[in-house]
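J.: data.txt is reproduced below (compact mmCIF, C-alpha atoms).
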# COMPACT_ATOMS: atom_id res chain seq x y z
CA MET A 1 70.91 111.68 99.82
CA LYS A 2 73.09 110.31 97.07
CA ARG A 3 72.70 106.79 95.77
CA VAL A 4 75.39 104.79 97.54
CA VAL A 5 76.95 101.44 96.70
CA PHE A 6 78.93 99.89 99.54
CA PHE A 7 81.45 97.30 98.41
CA HIS A 8 81.66 95.36 101.66
CA ILE A 9 84.94 93.53 102.22
CA PRO A 10 84.47 91.13 105.17
CA LYS A 11 86.00 91.98 108.55
CA THR A 12 86.63 95.65 107.82
CA ALA A 13 83.90 97.00 110.15
CA GLY A 14 81.40 96.66 107.33
CA SER A 15 78.61 95.30 109.51
CA SER A 16 78.87 98.36 111.74
CA PHE A 17 78.90 100.65 108.71
CA ASN A 18 75.86 98.83 107.31
CA ARG A 19 74.01 99.71 110.50
CA MET A 20 74.64 103.38 109.79
CA LEU A 21 73.48 103.01 106.18
CA ARG A 22 70.29 101.25 107.33
CA GLU A 23 69.57 104.07 109.78
CA ASN A 24 69.77 106.58 106.94
CA TYR A 25 68.20 104.77 103.99
CA GLY A 26 65.69 102.48 105.67
CA GLU A 27 63.52 100.67 103.13
CA ALA A 28 65.45 102.27 100.28
CA LEU A 29 68.45 100.08 101.17
CA TYR A 30 69.01 96.80 99.35
CA SER A 31 71.25 94.25 101.06
CA CYS A 32 72.71 91.49 98.91
CA ASP A 33 72.81 89.27 102.00
CA LEU A 34 69.95 86.90 101.14
CA ASN A 35 69.75 84.41 104.01
CA GLY A 36 73.53 84.36 104.21
CA SER A 37 74.12 84.11 100.45
CA HIS A 38 75.43 87.28 98.86
CA HIS A 39 75.61 85.51 95.51
CA ALA A 40 71.87 84.83 95.64
CA GLY A 41 71.20 88.41 96.73
CA ARG A 42 73.18 89.81 93.81
CA GLU A 43 71.35 87.57 91.35
CA ARG A 44 67.98 88.64 92.74
CA PHE A 45 68.87 92.31 92.30
CA GLN A 46 70.15 91.75 88.76
CA ALA A 47 66.89 90.00 87.82
CA MET A 48 64.72 92.94 88.94
CA PRO A 49 63.12 95.24 86.39
CA GLU A 50 65.07 98.45 85.95
CA GLU A 51 62.43 100.60 87.64
CA GLU A 52 62.53 98.38 90.73
CA ARG A 53 66.34 98.53 90.93
CA PHE A 54 66.14 102.31 90.53
CA ARG A 55 64.06 102.80 93.65
CA PHE A 56 66.89 101.57 95.89
CA ARG A 57 69.09 104.45 97.03
CA CYS A 58 71.65 102.26 98.79
CA ILE A 59 73.00 98.88 97.70
CA THR A 60 75.33 97.00 99.99
CA GLY A 61 76.92 93.59 100.21
CA HIS A 62 79.87 91.38 99.35
CA LEU A 63 79.94 92.53 95.74
CA VAL A 64 81.90 91.64 92.63
CA PRO A 65 83.01 94.20 90.03
CA GLU A 66 80.67 92.97 87.29
CA PHE A 67 77.66 93.47 89.57
CA LEU A 68 78.13 97.24 89.37
CA ALA A 69 76.94 97.26 85.75
CA HIS A 70 73.44 96.47 87.06
CA VAL A 71 73.27 99.41 89.49
CA PRO A 72 71.44 102.51 88.17
CA ARG A 73 73.72 105.50 87.76
CA PRO A 74 74.81 107.83 89.13
CA TYR A 75 76.04 106.30 92.37
CA THR A 76 78.78 106.89 94.92
CA LEU A 77 80.99 103.83 95.42
CA LEU A 78 82.45 103.25 98.90
CA THR A 79 84.55 100.61 100.62
CA PHE A 80 86.54 100.03 103.81
CA LEU A 81 89.99 98.47 104.19
CA ARG A 82 91.77 97.07 107.23
CA HIS A 83 95.35 96.17 108.10
CA PRO A 84 95.77 92.62 106.74
CA VAL A 85 97.14 91.14 109.97
CA SER A 86 94.23 92.44 112.04
CA ARG A 87 91.76 91.48 109.33
CA VAL A 88 93.00 87.89 109.06
CA VAL A 89 92.99 87.45 112.85
CA SER A 90 89.41 88.76 112.97
CA LEU A 91 88.45 86.47 110.09
CA TYR A 92 89.89 83.45 111.90
CA ASN A 93 88.14 84.37 115.14
CA TYR A 94 84.85 84.80 113.30
CA PHE A 95 84.99 81.40 111.67
CA MET A 96 86.06 79.71 114.89
CA THR A 97 83.53 81.31 117.24
CA VAL A 98 80.62 82.86 115.31
CA ASP A 99 80.11 81.48 111.81
CA GLN A 100 77.63 78.63 111.51
CA SER A 101 79.08 77.08 108.36
CA PRO A 102 80.43 73.52 107.88
CA LEU A 103 83.85 75.13 107.44
CA ARG A 104 83.80 76.32 111.02
CA ASP A 105 82.82 72.88 112.30
CA SER A 106 85.66 71.19 110.43
CA LEU A 107 88.19 73.77 111.62
CA ARG A 108 87.12 73.48 115.23
CA ALA A 109 87.11 69.69 115.07
CA SER A 110 90.64 69.63 113.66
CA GLY A 111 91.90 72.21 116.14
CA VAL A 112 93.69 74.10 113.36
CA GLY A 113 95.72 77.04 114.60
CA LEU A 114 95.83 80.51 113.12
CA ARG A 115 99.15 80.00 111.37
CA ASP A 116 98.05 76.81 109.62
CA TYR A 117 94.67 78.36 108.82
CA VAL A 118 96.42 81.15 106.97
CA THR A 119 99.14 79.18 105.20
CA SER A 120 97.31 75.98 104.24
CA GLY A 121 93.69 76.28 105.32
CA PRO A 122 90.73 76.07 102.93
CA GLU A 123 89.66 79.72 103.27
CA ASP A 124 90.98 81.82 100.35
CA GLU A 125 89.71 84.95 102.09
CA ALA A 126 92.72 84.69 104.43
CA ARG A 127 95.21 85.06 101.58
CA ASN A 128 95.09 88.43 99.82
CA GLY A 129 91.32 88.53 100.20
CA MET A 130 91.01 92.30 99.76
CA VAL A 131 92.85 92.30 96.44
CA ARG A 132 90.93 89.27 95.23
CA ARG A 133 87.55 90.75 96.12
CA LEU A 134 88.29 94.04 94.39
CA THR A 135 89.41 92.18 91.25
CA GLY A 136 86.59 89.61 91.35
CA THR A 137 89.01 86.67 91.56
CA LEU A 138 88.30 85.35 95.05
CA TYR A 139 86.17 82.40 93.98
CA ARG A 140 87.38 81.84 90.46
CA PRO A 141 90.77 80.82 89.04
CA THR A 142 92.88 83.40 87.29
CA SER A 143 96.00 83.31 85.17
CA LEU A 144 96.94 86.85 86.19
CA SER A 145 100.11 87.36 88.17
CA GLY A 146 100.05 88.78 91.66
CA GLU A 147 101.59 91.97 90.33
CA GLU A 148 98.78 92.38 87.79
CA LEU A 149 96.08 91.64 90.37
CA LEU A 150 97.55 94.27 92.68
CA ARG A 151 97.69 96.80 89.85
CA GLN A 152 94.04 96.18 89.01
CA ALA A 153 92.98 96.50 92.65
CA LYS A 154 94.86 99.79 93.04
CA ASP A 155 93.40 101.11 89.79
CA ALA A 156 89.90 100.22 90.97
CA LEU A 157 90.33 102.07 94.25
CA ARG A 158 91.76 105.13 92.54
CA LYS A 159 89.39 105.35 89.57
CA TYR A 160 86.03 104.17 90.83
CA PHE A 161 85.78 104.57 94.62
CA ARG A 162 84.75 108.01 95.81
CA PHE A 163 85.77 107.19 99.35
CA VAL A 164 88.06 104.57 100.93
CA GLY A 165 87.36 104.21 104.64
CA LEU A 166 89.53 102.50 107.23
CA GLN A 167 88.49 100.21 110.04
CA GLU A 168 91.26 101.82 112.10
CA ASN A 169 89.72 105.26 111.55
CA PHE A 170 86.10 104.14 111.62
CA ASP A 171 84.31 107.02 113.35
CA ALA A 172 86.03 109.67 111.25
CA SER A 173 85.34 107.60 108.12
CA CYS A 174 81.64 107.56 108.97
CA ARG A 175 81.61 111.34 109.38
CA ALA A 176 83.31 111.63 106.01
CA VAL A 177 80.65 109.48 104.34
CA GLN A 178 77.94 111.56 106.00
CA LYS A 179 79.41 114.72 104.49
CA LEU A 180 80.13 113.18 101.08
CA CYS A 181 76.73 111.55 100.62
CA GLY A 182 74.45 113.97 102.45
CA LEU A 183 73.40 111.52 105.16
CA THR A 184 71.44 112.77 108.14
CA LYS A 185 72.70 110.36 110.80
CA VAL A 186 76.07 109.11 111.99
CA VAL A 187 75.77 105.90 113.99
CA SER A 188 78.83 104.85 115.96
CA CYS A 189 78.44 101.27 117.10
CA THR A 190 80.10 97.88 116.96
CA VAL A 191 78.19 95.14 115.16
CA ASN A 192 79.33 91.55 114.68
CA PRO A 193 82.62 91.80 116.61
CA SER A 194 84.79 88.71 116.59
CA ARG A 195 85.92 87.09 119.81
CA GLY A 196 89.23 85.36 120.33
CA ARG A 197 92.87 86.13 119.71
CA LYS A 198 94.18 89.65 119.17
CA PRO A 199 97.07 90.68 116.93
CA SER A 200 98.98 91.78 120.03
CA ASP A 201 98.79 88.19 121.33
CA LEU A 202 100.52 86.69 118.31
CA LYS A 203 104.03 85.34 118.15
CA PRO A 204 106.33 87.14 115.69
CA ALA A 205 106.51 84.02 113.52
CA THR A 206 102.71 83.96 113.19
CA VAL A 207 102.60 87.64 112.24
CA GLN A 208 105.27 87.04 109.61
CA ALA A 209 103.32 84.06 108.23
CA ILE A 210 100.21 86.23 107.85
CA ARG A 211 102.22 88.96 106.16
CA ARG A 212 103.85 86.51 103.74
CA ALA A 213 100.45 85.09 102.81
CA ASN A 214 99.06 88.60 102.28
CA VAL A 215 101.85 90.43 100.48
CA LEU A 216 99.42 91.86 97.93
CA ASP A 217 96.97 92.98 100.61
CA MET A 218 99.78 94.66 102.54
CA GLU A 219 100.69 96.69 99.44
CA LEU A 220 97.05 97.49 98.77
CA TYR A 221 96.52 98.62 102.36
CA LEU A 222 99.48 101.02 102.20
CA TYR A 223 98.06 102.42 98.97
CA GLY A 224 94.63 102.67 100.56
CA LEU A 225 96.09 104.66 103.46
CA LYS A 226 97.25 107.31 101.01
CA LEU A 227 93.87 107.44 99.27
CA HIS A 228 92.08 107.65 102.61
CA GLY A 229 94.23 110.59 103.61
CA ARG A 230 93.50 112.39 100.34
CA HIS A 231 89.77 111.77 100.64
CA MET A 232 89.67 113.01 104.23
CA HIS A 233 91.65 116.11 103.34
CA ALA A 234 89.41 116.84 100.34
CA LEU A 235 86.38 116.71 102.64
CA GLY A 236 88.01 119.13 105.06
CA LEU A 237 88.28 116.54 107.84
CA GLY A 238 91.98 116.82 108.53
CA GLU A 239 94.89 114.44 108.28
CA PHE A 240 95.03 110.85 109.39
CA ALA A 241 98.04 109.45 111.23
CA ILE A 242 99.19 106.24 109.54
CA PRO A 243 99.16 103.43 112.11
CA ALA A 244 102.43 101.70 112.87
Write the structure described by the file as structure tokens, please.
T.:
Amino acid sequence: MKRVVFFHIPKTAGSSFNRMLRENYGEALYSCDLNGSHHAGRERFQAMPEEERFRFRCITGHLVPEFLAHVPRPYTLLTFLRHPVSRVVSLYNYFMTVDQSPLRDSLRASGVGLRDYVTSGPEDEARNGMVRRLTGTLYRPTSLSGEELLRQAKDALRKYFRFVGLQENFDASCRAVQKLCGLTKVVSCTVNPSRGRKPSDLKPATVQAIRRANVLDMELYLYGLKLHGRHMHALGLGEFAIPA
């Protein structure tokens, strides 16, 4: 099997995909989730001797671009995207019902609604989080314009990622990764699902508020749809119907 690096963007079915990677790579998988801290997990990996890092055939986690310089080459870089409205709703549900962080406690205590959470809440992940993760600017200030950030995110997907999966086409995406990377198992399961509101339950004004707060992610997602279609076609797995 090829060495795989999974650039896990939260709430894009990554936990379910990680289950499949674990089933295939077992002890040769390194997860950057170190007791809930992906930052600590990345630092631990970076501090390893080169021969120890080399023995891992799969590295997964909430990564940042500069981390990739520490991964032994060659490797196959993968990620998943999700429609920004669905992703933000899932993110909100997760923080309100599952996550055990102080942020969740403060949100629940204040009774903040989804619309306010997106437009003025403390969670940057809810505002163009996919673009910011791919450009490494989620947790640090940047002077770059939104247009430049979007350009960098698109360039990263096109130049460096061998496969862009979609949460909306999850099972087929897993079969594509199996074929691309020489995996022996495809595991179709749902791990870490969020509970709560669904996009279909939202008022039009709330949907529009999410879209306005995620203009860059909407553009990135549309670009990702095209890349996903090309990757699927190149692997001989047919076309993918773009969701409405």
J.: Find the distance between atom CA of A:Val207 and atom CA of A:Met96 and write it in Å to one decimal.
T.: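 Those two atoms sit 18.5 Å apart.
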J.: Point out the residue among A:Cys174, A:Leu144, A:Ala234, A:Leu91 with the least atom-to-atom distance to A:Thr12, counting all atoms listed in the file.
T.: A:Leu91
J.: Please tabulate, as CSV, the residues of stretch 148-192 of chain A that come within 10 Å of stretch 20-33 of chain A, each with its closest pair of atoms and the distance in Å to one decimal, counting all atoms listed in the file and ordering rows by chain, then residue number upward.
T.:
residue,atom,partner,partner_atom,distance
A:Cys174,CA,A:Met20,CA,8.2
A:Val177,CA,A:Leu21,CA,9.8
A:Gln178,CA,A:Met20,CA,9.6
A:Gly182,CA,A:Asn24,CA,9.8
A:Leu183,CA,A:Asn24,CA,6.4
A:Thr184,CA,A:Asn24,CA,6.5
A:Lys185,CA,A:Asn24,CA,6.1
A:Val186,CA,A:Met20,CA,6.3
A:Val187,CA,A:Met20,CA,5.0
A:Ser188,CA,A:Met20,CA,7.6
A:Cys189,CA,A:Met20,CA,8.5
J.: Can you list, as a list in words, every protein, DNA or RNA residue that comes within 7 Å of A:Tyr221 when you count all atoms listed in the file, leaving out same-chain residues fewer than 5 positions away?
T.: Leu81, Arg82 and His83 of chain A
J.: Need the neighbours of (73.4, 94.1, 99.5): which residues are at most 9 Å away, counting all atoms listed in the file, as number ranges by chain?
T.: A: 5-8, 29-34, 38, 41-42, 45, 58-63
J.: Can you pull out the residues contacting A:Asp116? Cut-off 12 Å, using all atoms listed in the file, and skip same-chain residues under 4 positions away; I want them as a ChimeraX atom specification.
T.: /A:92,107,110-112,120-123,126-127,205-206,209-210,213
J.: Closest to A:Ser173 among A:Met232, A:Ala109, A:Val88, A:Met48, using all atoms listed in the file?
T.: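 Ranking A:Met232, A:Ala109, A:Val88, A:Met48 by distance to A:Ser173, first place goes to A:Met232.
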J.: Counting only C-alpha atoms, which of A:Glu43, A:Glu125, A:Glu147, A:Glu66 gets nearest to A:Phe95?
T.: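 Looking only at the distances to A:Phe95, the closest residue turns out to be A:Glu125.
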J.: Set the distance at 8 Å and use all atoms listed in the file: which residues neighbour A:Val131 once local chain neighbours fewer than 4 positions away are removed? I'd like the list as a list in words.
T.: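 My list of contacting residues is Thr135, Leu149, Leu150, Ala153, Leu216, Asp217 and Leu220 of chain A.
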J.: Report, in Å to a single decimal, how far apart atom CA of A:Cys181 and atom CA of A:Thr76 are.
T.: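 A separation of 7.6 Å between them.
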J.: Pick the closest to A:Lys198 from A:Gly238, A:Val89, A:Arg175, A:Leu157: which is it, counting only C-alpha atoms?
T.: A:Val89
J.: Can you measure atom CA of A:Phe161 to atom CA of A:Leu77 for me? One decimal in Å is fine.
T.: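 So the answer is 4.9 Å.
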J.: How big is the axis-aligned box, and where does its centre sit, when it encloses all atoms of stretch 143-153 of chain A listed in the file and has 8 Å added on every side, reported in Å to one decimal as lines of an AutoDock Vina configuration file?
T.:
center_x = 97.3
center_y = 90.1
center_z = 88.9
size_x = 24.6
size_y = 29.5
size_z = 23.5
J.: Smallest atom-to-atom distance to A:His233: which of A:Ser106, A:Phe163, A:Lys11, A:Pro74, using only C-alpha atoms?
T.: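 That would be A:Phe163, the residue with the smallest distance to A:His233.
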J.: Pick the closest to A:Tyr223 from A:Lys179, A:Arg151, A:Leu138, A:Arg197: which is it, counting all atoms listed in the file?
T.: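 Comparing A:Lys179, A:Arg151, A:Leu138, A:Arg197 against A:Tyr223, the winner is A:Arg151.
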J.: Around the point (71.9, 105.4, 84.6) (coordinates from the file), which residues reach within 12 Å if we count only C-alpha atoms? Answer as a PyMOL selection string.
T.: chain A and resi 3+50-51+53-54+68-75
